[in-house]
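Note sheet for the following structure.
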Amino acid sequence: MKQFNSNELRKAWIKFYEERGHVNCGAVSLVSDGSTGVLFNVAGMQPLMPYLLGQKHPLGTRLCNVQGCVRTNDIDSVGDKSHVTFFEMMGSWSLGDYFKEDRCKWSYELLTQVFGFDADHLAATVFAGDENAPRDEEGAQCRIASGFKKENIYYLPAEDNWWGLEFGPCGPDSEMFYVADVPDCGPDCGPGCHCGKYTELGNDVFMQYEKHKDGHLTPLAKKNVDTGWGLERNLAFLNGTKDVYKTDLFAGAVSYIEKKSGKKYDADDESSKSMRILADHTRTSVMLIGDEAKLTPSNAGAGYVLRRLIRRAVRHGRKLGLVKSDILNIAAVFIDEVYSESYPLLKKNRGFILDELEKEISRFESTLENGMKEFRKLLDKAKEDKITSIDGKTAFYLYDTFGFPLELTTEMAAEEGITVDANGFDEAMEEQKTKAREGKSFAQKNVTSIFDGLGDNVVSVFAGYDTLSFEENIVAAADEEKLTDSLKAGEKGSLVFTKTPFYATMGGQLHDTGVIETSEGRFKVTEVTRIPGNRIAHFGYVESGVIKKGAKAILKVDGERRAKTCRNHTATHLLQKALQIVLGDQVAQQGSYQDSERTRFDFSCSRAVTKEELLRAEEIVNRAIEDNIKVTTAIMGIEEAKKTGAMALFGEKYGKEVRVVSVGDFSKELCGGTHVSYTGEIGCFKILSESGIAAGVRRIEGVTGSNVMAYFNNVENMLNSAAAIAKTTPDRLSDKIEQLFAQIKALSQENESLKSKAANDSLGDIEKNMFEIAGVKAVVSEVKGIDANGLRTLCDSLKEKFKDLFVLVISETDGKVNLVSMASDAAVAKGAHSGNLIKAVAPLVQGGGGGRPNMAQAGGKDPSGIEKAVEKAKEIMRSQIA
């Protein structure tokens, strides 16, 4: 078989499929868009599920890519030679195009011609059949026809060779294996056996059936193929190992850890496990933070998983004697070396990645020492009392006070033979959430139980499309805790009617506000929400008098606020159509939000929208507004609506009847929101911003009507203010800024020149302070007013002049301390270590830092410690050099 490095393997995969008519569809964000119910993309096929389920892909029917994935469900297994939390899936797909014959032929060609596997050592599995679907003889024959030996085809049951969801597309799959020249482990030895004879290489899934809700299968009109090969596993195997940590993906990180820890990889199980966990978790953290979604650590969702990974890496780093700067250096290895070519976004986001890692590690380290002391106390007490489990409340205390994720506490306890009550932890967490909920407003709480007492016949209907006010009886009232017959002045509560002109928050449109008046009181409506039981609750407070259940009331919507919201909502429909005109059919709504101030529209798009494209879309919207097009609505069946070409939100659940909003022949959408009658009522439209919010999803925010004028007034005020500061007029501000930048550039160059001269002038004084240790020229010197860049230049100059050199220079600038140390190769060979020197002396100036043996730097906050740092550094230099 042939050997590859990771970049070569990725390129070989894509080249193979492009030669066979496939299009590289590229990778999407590691962070899931939420449509699949998981936090991360966990499989190569996951982003393509809509297209495997029938949606037309804009790039065609033959696709390929290399997709990064994150799985943490088996995080406890990470630490062995094969498990990782971030991995890459090399994938290819047929969307109703070719099927088993071509698929099996190409898999065999890839195995033998590209990867160089010997055909005699290849085996494949196919579906054995069951009561639901027949044996996959077609798959078996296609494997044999492609080149697999008949005796190397194995029939396995559905649990091994069937892919499918609860219902929808499904079918048999066929896995490919390499067969090692070792004896069978027993009579049942075969693919799937864990004896090591069979190594899985890849999998072809043949989606040829549709599973219905009653469980029966019918053939699909268009059959799909999904192919997935794990890059890490195949890379290791092609290079003669089953240890993914011995591939070029991890070699740099492992080498660094070995050097800093003084331990050899694979020398002992405990250290090797920590090395793998540290390398893997740092890599995954880099990938998640540097991803398009720019994930950051948090206490919820995907951010919490990232926090767990970083904190687990810190713990295992400490077990190896590594500190924060070391983890950041390992991260830099992945950014600058391993993935610089295949994931250029990491390089672009380098500063952001390292900054977020540094902040999270610092947060954890600030409580880690005390947390570990507390954990040791708990552990010693448990052992003393012969208790084999830590209770949930105690585990939650470690989480809440010291930031120990439950999984970290569980792992540390398990190392001591003690379990943790996970259910008790969850109960303690829920108890805290309950306390937090008690501080929320009535409208934010779960009101289900309060209105459960109403009869099933009490339902609400929105009747405010054409009117903003009418009379209706109050059928139910509640205070902040229970149903009530009346609410007094100042009391908060909610009211329910069978019919209301108030729009409840739904479909991206924010609720109405207004007042409800009776003969005895006035109720201010601040929020309107749909609640269980098909009811609409009007939240607010009694402004005056008393509001009684059963009383006749006049419901009055704030007309000005509604009108502004209508403008924004109709403008959103115009914007979607305009974007489709400019960007093409790839644009599909992914979400929206409208209130009286602005509109926000989220849409599918694989790239950032250019300024020119935004301007064109904005012009199209404003032209439609100028044309004063009539806006009409119609109620019709869902299928009839689709036939008219009305756009629907993907993933949204619609009833049998839907409301279709049409803007002449320009736009037609399914929508339950409120709109203007003519587009001219919108006035005008202005795009404020465009940004990416997830992989393949962009967001545009805009304003309409009087808010556009307010926007331009604000811009004009800022322009006038900037011009006044620059002592010019608004029309000449650009020229003035160019002049100022030219002056700044000239002054900066002059400043750098002066700094360089000051550094060179310092060389003579530094050389006077040199002393010799075992043939090495050593010097520790304080220089005045030189920043970190100047210190590095100074050290470089000394290294050019002296071949055996070990130097530390310290300088104070603007109340801050900079330290830079360098050592020549000859000095390093004799024991000099700049990184360790910096680590030892930086605390004397209330600083921290580190680096490599030949170069390190640090910053500090206390200039008064410089003198002590100088003396300490001399001692350390003498102790290092043999």
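Residue names in the structure tokens use chain letters A, B, ... in the order shown, residue numbers from 1 in each chain, and ligand numbers from 1 in the order shown.
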Applying 10 Å and only C-alpha atoms, which residues near Gly508 (chain A) remain after dropping the ones on its own chain fewer than 6 positions away? List them as a PDB file with all heavy atoms, in the first residue's frame.
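And here is the file that came out, part.pdb:
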ATOM      1  N   HIS A 569     -42.143  44.094   8.192  1.00  0.00           N
ATOM      2  CA  HIS A 569     -42.444  42.716   7.799  1.00  0.00           C
ATOM      3  C   HIS A 569     -42.592  42.606   6.282  1.00  0.00           C
ATOM      4  O   HIS A 569     -42.021  41.699   5.651  1.00  0.00           O
ATOM      5  CB  HIS A 569     -43.715  42.228   8.497  1.00  0.00           C
ATOM      6  CG  HIS A 569     -43.818  40.731   8.532  1.00  0.00           C
ATOM      7  ND1 HIS A 569     -44.541  40.048   9.471  1.00  0.00           N
ATOM      8  CD2 HIS A 569     -43.272  39.781   7.742  1.00  0.00           C
ATOM      9  CE1 HIS A 569     -44.439  38.753   9.254  1.00  0.00           C
ATOM     10  NE2 HIS A 569     -43.678  38.562   8.200  1.00  0.00           N
ATOM     11  N   GLY A 591     -34.785  32.149   8.938  1.00  0.00           N
ATOM     12  CA  GLY A 591     -35.334  32.770  10.139  1.00  0.00           C
ATOM     13  C   GLY A 591     -35.514  34.258   9.893  1.00  0.00           C
ATOM     14  O   GLY A 591     -34.951  34.817   8.953  1.00  0.00           O
ATOM     15  N   SER A 592     -36.320  34.898  10.728  1.00  0.00           N
ATOM     16  CA  SER A 592     -36.497  36.345  10.589  1.00  0.00           C
ATOM     17  C   SER A 592     -37.023  36.923  11.897  1.00  0.00           C
ATOM     18  O   SER A 592     -37.484  36.191  12.775  1.00  0.00           O
ATOM     19  CB  SER A 592     -37.463  36.676   9.445  1.00  0.00           C
ATOM     20  OG  SER A 592     -38.778  36.267   9.768  1.00  0.00           O
ATOM     21  N   TYR A 593     -36.948  38.239  11.983  1.00  0.00           N
ATOM     22  CA  TYR A 593     -37.462  38.947  13.163  1.00  0.00           C
ATOM     23  C   TYR A 593     -37.875  40.347  12.730  1.00  0.00           C
ATOM     24  O   TYR A 593     -37.142  41.024  12.012  1.00  0.00           O
ATOM     25  CB  TYR A 593     -36.397  39.041  14.262  1.00  0.00           C
ATOM     26  CG  TYR A 593     -36.798  39.921  15.425  1.00  0.00           C
ATOM     27  CD1 TYR A 593     -37.552  39.403  16.468  1.00  0.00           C
ATOM     28  CD2 TYR A 593     -36.438  41.265  15.465  1.00  0.00           C
ATOM     29  CE1 TYR A 593     -37.941  40.206  17.533  1.00  0.00           C
ATOM     30  CE2 TYR A 593     -36.827  42.075  16.527  1.00  0.00           C
ATOM     31  CZ  TYR A 593     -37.575  41.537  17.555  1.00  0.00           C
ATOM     32  OH  TYR A 593     -37.968  42.334  18.601  1.00  0.00           O
ATOM     33  N   GLN A 594     -39.075  40.749  13.148  1.00  0.00           N
ATOM     34  CA  GLN A 594     -39.535  42.108  12.866  1.00  0.00           C
ATOM     35  C   GLN A 594     -40.184  42.709  14.108  1.00  0.00           C
ATOM     36  O   GLN A 594     -40.981  42.044  14.784  1.00  0.00           O
ATOM     37  CB  GLN A 594     -40.582  42.129  11.733  1.00  0.00           C
ATOM     38  CG  GLN A 594     -40.100  41.581  10.407  1.00  0.00           C
ATOM     39  CD  GLN A 594     -40.275  40.085  10.310  1.00  0.00           C
ATOM     40  OE1 GLN A 594     -41.188  39.521  10.891  1.00  0.00           O
ATOM     41  NE2 GLN A 594     -39.383  39.433   9.579  1.00  0.00           N
ATOM     42  N   ASP A 595     -39.821  43.930  14.413  1.00  0.00           N
ATOM     43  CA  ASP A 595     -40.534  44.709  15.412  1.00  0.00           C
ATOM     44  C   ASP A 595     -40.729  46.111  14.833  1.00  0.00           C
ATOM     45  O   ASP A 595     -40.573  46.316  13.619  1.00  0.00           O
ATOM     46  CB  ASP A 595     -39.800  44.722  16.762  1.00  0.00           C
ATOM     47  CG  ASP A 595     -38.393  45.298  16.671  1.00  0.00           C
ATOM     48  OD1 ASP A 595     -38.104  46.021  15.699  1.00  0.00           O
ATOM     49  OD2 ASP A 595     -37.577  45.044  17.577  1.00  0.00           O
ATOM     50  N   THR A 599     -35.898  45.209  10.935  1.00  0.00           N
ATOM     51  CA  THR A 599     -36.154  43.864  10.440  1.00  0.00           C
ATOM     52  C   THR A 599     -34.833  43.117  10.374  1.00  0.00           C
ATOM     53  O   THR A 599     -33.773  43.711  10.146  1.00  0.00           O
ATOM     54  CB  THR A 599     -36.807  43.878   9.051  1.00  0.00           C
ATOM     55  OG1 THR A 599     -37.001  42.519   8.615  1.00  0.00           O
ATOM     56  CG2 THR A 599     -35.956  44.601   8.027  1.00  0.00           C
ATOM     57  N   ARG A 600     -34.912  41.822  10.605  1.00  0.00           N
ATOM     58  CA  ARG A 600     -33.719  40.965  10.539  1.00  0.00           C
ATOM     59  C   ARG A 600     -34.082  39.743   9.707  1.00  0.00           C
ATOM     60  O   ARG A 600     -35.096  39.089   9.972  1.00  0.00           O
ATOM     61  CB  ARG A 600     -33.305  40.548  11.950  1.00  0.00           C
ATOM     62  CG  ARG A 600     -32.012  39.748  12.001  1.00  0.00           C
ATOM     63  CD  ARG A 600     -31.701  39.373  13.427  1.00  0.00           C
ATOM     64  NE  ARG A 600     -32.591  38.323  13.905  1.00  0.00           N
ATOM     65  CZ  ARG A 600     -32.923  38.137  15.180  1.00  0.00           C
ATOM     66  NH1 ARG A 600     -32.484  38.963  16.102  1.00  0.00           N
ATOM     67  NH2 ARG A 600     -33.711  37.141  15.528  1.00  0.00           N
ATOM     68  N   PHE A 601     -33.268  39.423   8.720  1.00  0.00           N
ATOM     69  CA  PHE A 601     -33.572  38.314   7.827  1.00  0.00           C
ATOM     70  C   PHE A 601     -32.372  37.385   7.738  1.00  0.00           C
ATOM     71  O   PHE A 601     -31.271  37.805   7.366  1.00  0.00           O
ATOM     72  CB  PHE A 601     -33.936  38.851   6.434  1.00  0.00           C
ATOM     73  CG  PHE A 601     -34.294  37.775   5.442  1.00  0.00           C
ATOM     74  CD1 PHE A 601     -35.396  36.967   5.632  1.00  0.00           C
ATOM     75  CD2 PHE A 601     -33.506  37.575   4.309  1.00  0.00           C
ATOM     76  CE1 PHE A 601     -35.727  35.978   4.719  1.00  0.00           C
ATOM     77  CE2 PHE A 601     -33.830  36.588   3.389  1.00  0.00           C
ATOM     78  CZ  PHE A 601     -34.945  35.788   3.598  1.00  0.00           C
ATOM     79  N   GLY A 673     -48.270  36.774   9.430  1.00  0.00           N
ATOM     80  CA  GLY A 673     -48.022  38.075  10.048  1.00  0.00           C
ATOM     81  C   GLY A 673     -48.846  39.195   9.447  1.00  0.00           C
ATOM     82  O   GLY A 673     -49.654  39.005   8.535  1.00  0.00           O
TER      83      GLY A 673
END
Subject >> DSSP alpha helix (DSSP H) residues within region 478-583 of chain A, as a list in words >> reply: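 Filtering region 478-583 of chain A to alpha helix (DSSP H) leaves Gly559, Glu560, Arg561, Arg562, Ala563, Lys564, Thr565, Cys566, Arg567, Asn568, His569, Thr570, Ala571, Thr572, His573, Leu574, Leu575, Gln576, Lys577, Ala578, Leu579, Gln580, Ile581, Val582 and Leu583 of chain A.
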**OP:** Apply DSSP to the structure's backbone, then extract all residues of region 307-505 of chain A labelled strand (DSSP E) and return them as a count of residues only.
**Re:** 24
Original post:
Which neighbours of region 194-199 of chain A fall inside 6 Å, counting only C-alpha atoms, when residues of the same chain fewer than 5 positions from it are skipped, and could you give them as a PyMOL selection string?
Top reply: chain A and resi 177-180
**OP:** Find the spatial neighbours of region 610-612 of chain A, counting only C-alpha atoms, within a cut-off of 12 Å - ignore same-chain residues fewer than 6 positions away - and output them as a list in words.
**Re:** Leu579, Val582, Leu583, Glu618, Glu619, Ile687, Leu688, Ser689, Glu690, Ser691 and Arg698 of chain A
Original post:
Neighbours of Leu217 (chain A) within 12 Å (only C-alpha atoms; same-chain residues fewer than 4 positions away dropped), as a PyMOL selection string?
Top reply: chain A and resi 131-134+164+166-171+207-213
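In this model, the gap between CA of Glu159 (chain A) and CA of Cys185 (chain A) comes to 21.9 Å.
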**OP:** For Thr85 (chain A), please output as a PyMOL selection string all residues within 7 Å (counting only C-alpha atoms; exclusion window: fewer than 5 positions along the same chain).
**Re:** chain A and resi 70-72+75+280+284
**OP:** May I have the residues within 10 Å of Gly96 (chain A) as a PyMOL selection string, using only C-alpha atoms and disregarding those fewer than 2 positions away in the same chain?
**Re:** chain A and resi 51-52+54+61-62+93-94+98-99+207-208+220-225
Could you write those residues out with N, CA, C and O atoms, as an mmCIF file, in the first residue's frame?
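And here is the file that came out, selection-v7.cif:
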data_model
loop_
_atom_site.group_PDB
_atom_site.id
_atom_site.type_symbol
_atom_site.label_atom_id
_atom_site.label_comp_id
_atom_site.auth_asym_id
_atom_site.auth_seq_id
_atom_site.Cartn_x
_atom_site.Cartn_y
_atom_site.Cartn_z
ATOM 1 N N TYR A 51 -30.737 17.265 1.062
ATOM 2 C CA TYR A 51 -30.610 16.867 -0.339
ATOM 3 C C TYR A 51 -30.764 15.354 -0.500
ATOM 4 O O TYR A 51 -31.277 14.882 -1.509
ATOM 5 N N LEU A 52 -30.346 14.599 0.512
ATOM 6 C CA LEU A 52 -30.588 13.157 0.497
ATOM 7 C C LEU A 52 -32.070 12.856 0.673
ATOM 8 O O LEU A 52 -32.555 11.794 0.280
ATOM 9 N N GLY A 54 -34.384 14.707 -0.732
ATOM 10 C CA GLY A 54 -35.134 15.102 -1.914
ATOM 11 C C GLY A 54 -34.923 16.519 -2.409
ATOM 12 O O GLY A 54 -35.264 16.842 -3.549
ATOM 13 N N THR A 61 -25.746 16.509 -8.895
ATOM 14 C CA THR A 61 -26.121 15.205 -8.309
ATOM 15 C C THR A 61 -24.923 14.372 -7.891
ATOM 16 O O THR A 61 -25.090 13.303 -7.305
ATOM 17 N N ARG A 62 -23.707 14.817 -8.222
ATOM 18 C CA ARG A 62 -22.497 14.098 -7.801
ATOM 19 C C ARG A 62 -21.634 15.054 -6.981
ATOM 20 O O ARG A 62 -21.139 16.057 -7.508
ATOM 21 N N TRP A 93 -21.098 11.518 -2.735
ATOM 22 C CA TRP A 93 -22.545 11.273 -2.755
ATOM 23 C C TRP A 93 -23.065 11.214 -4.186
ATOM 24 O O TRP A 93 -22.607 11.944 -5.080
ATOM 25 N N SER A 94 -24.040 10.343 -4.353
ATOM 26 C CA SER A 94 -24.855 10.324 -5.558
ATOM 27 C C SER A 94 -26.273 10.677 -5.132
ATOM 28 O O SER A 94 -26.876 9.967 -4.319
ATOM 29 N N TYR A 98 -25.822 7.836 -10.022
ATOM 30 C CA TYR A 98 -25.359 6.443 -10.126
ATOM 31 C C TYR A 98 -25.768 5.649 -8.886
ATOM 32 O O TYR A 98 -26.166 6.221 -7.868
ATOM 33 N N PHE A 99 -25.624 4.318 -8.992
ATOM 34 C CA PHE A 99 -26.004 3.497 -7.828
ATOM 35 C C PHE A 99 -24.930 2.439 -7.569
ATOM 36 O O PHE A 99 -23.738 2.722 -7.709
ATOM 37 N N MET A 207 -29.186 4.118 -0.225
ATOM 38 C CA MET A 207 -30.527 4.531 0.200
ATOM 39 C C MET A 207 -31.513 4.223 -0.933
ATOM 40 O O MET A 207 -31.681 5.015 -1.852
ATOM 41 N N GLN A 208 -32.147 3.054 -0.840
ATOM 42 C CA GLN A 208 -33.012 2.615 -1.928
ATOM 43 C C GLN A 208 -34.463 2.409 -1.507
ATOM 44 O O GLN A 208 -35.310 2.093 -2.342
ATOM 45 N N LEU A 220 -37.572 3.578 -3.370
ATOM 46 C CA LEU A 220 -37.484 4.997 -3.695
ATOM 47 C C LEU A 220 -37.414 5.191 -5.201
ATOM 48 O O LEU A 220 -36.753 4.410 -5.909
ATOM 49 N N ALA A 221 -38.069 6.231 -5.681
ATOM 50 C CA ALA A 221 -38.003 6.540 -7.115
ATOM 51 C C ALA A 221 -36.589 6.963 -7.494
ATOM 52 O O ALA A 221 -36.064 6.579 -8.534
ATOM 53 N N LYS A 222 -35.955 7.784 -6.615
ATOM 54 C CA LYS A 222 -34.575 8.210 -6.838
ATOM 55 C C LYS A 222 -33.710 7.679 -5.715
ATOM 56 O O LYS A 222 -33.890 8.033 -4.554
ATOM 57 N N LYS A 223 -32.762 6.821 -6.071
ATOM 58 C CA LYS A 223 -31.897 6.192 -5.070
ATOM 59 C C LYS A 223 -30.631 7.025 -4.873
ATOM 60 O O LYS A 223 -30.090 7.595 -5.825
ATOM 61 N N ASN A 224 -30.156 7.070 -3.629
ATOM 62 C CA ASN A 224 -28.961 7.842 -3.294
ATOM 63 C C ASN A 224 -27.850 6.919 -2.793
ATOM 64 O O ASN A 224 -28.114 5.811 -2.311
ATOM 65 N N VAL A 225 -26.634 7.406 -2.881
ATOM 66 C CA VAL A 225 -25.493 6.699 -2.293
ATOM 67 C C VAL A 225 -24.718 7.680 -1.423
ATOM 68 O O VAL A 225 -24.433 8.804 -1.848
#
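If you measure from each of A:Cys605, A:Ala858, A:Met877, A:Met275 to Ser325 (chain A) using only C-alpha atoms, the closest one turns out to be A:Ala858.
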Original post:
Counting only C-alpha atoms, which of A:Leu238, A:Pro187, A:Lys577, A:Val126 gets nearest to Val205 (chain A)?
Top reply: A:Val126
Show me, as a tab-separated table, the residues of region 271-316 of chain A having an atom within 8 Å of region 331-336 of chain A, each with the closest atom pair and its distance in Å, using only C-alpha atoms.
residue	atom	partner	partner_atom	distance
A:Thr282	CA	A:Ala331	CA	6.1
A:Arg283	CA	A:Ala331	CA	6.6
A:Val286	CA	A:Ala331	CA	6.4
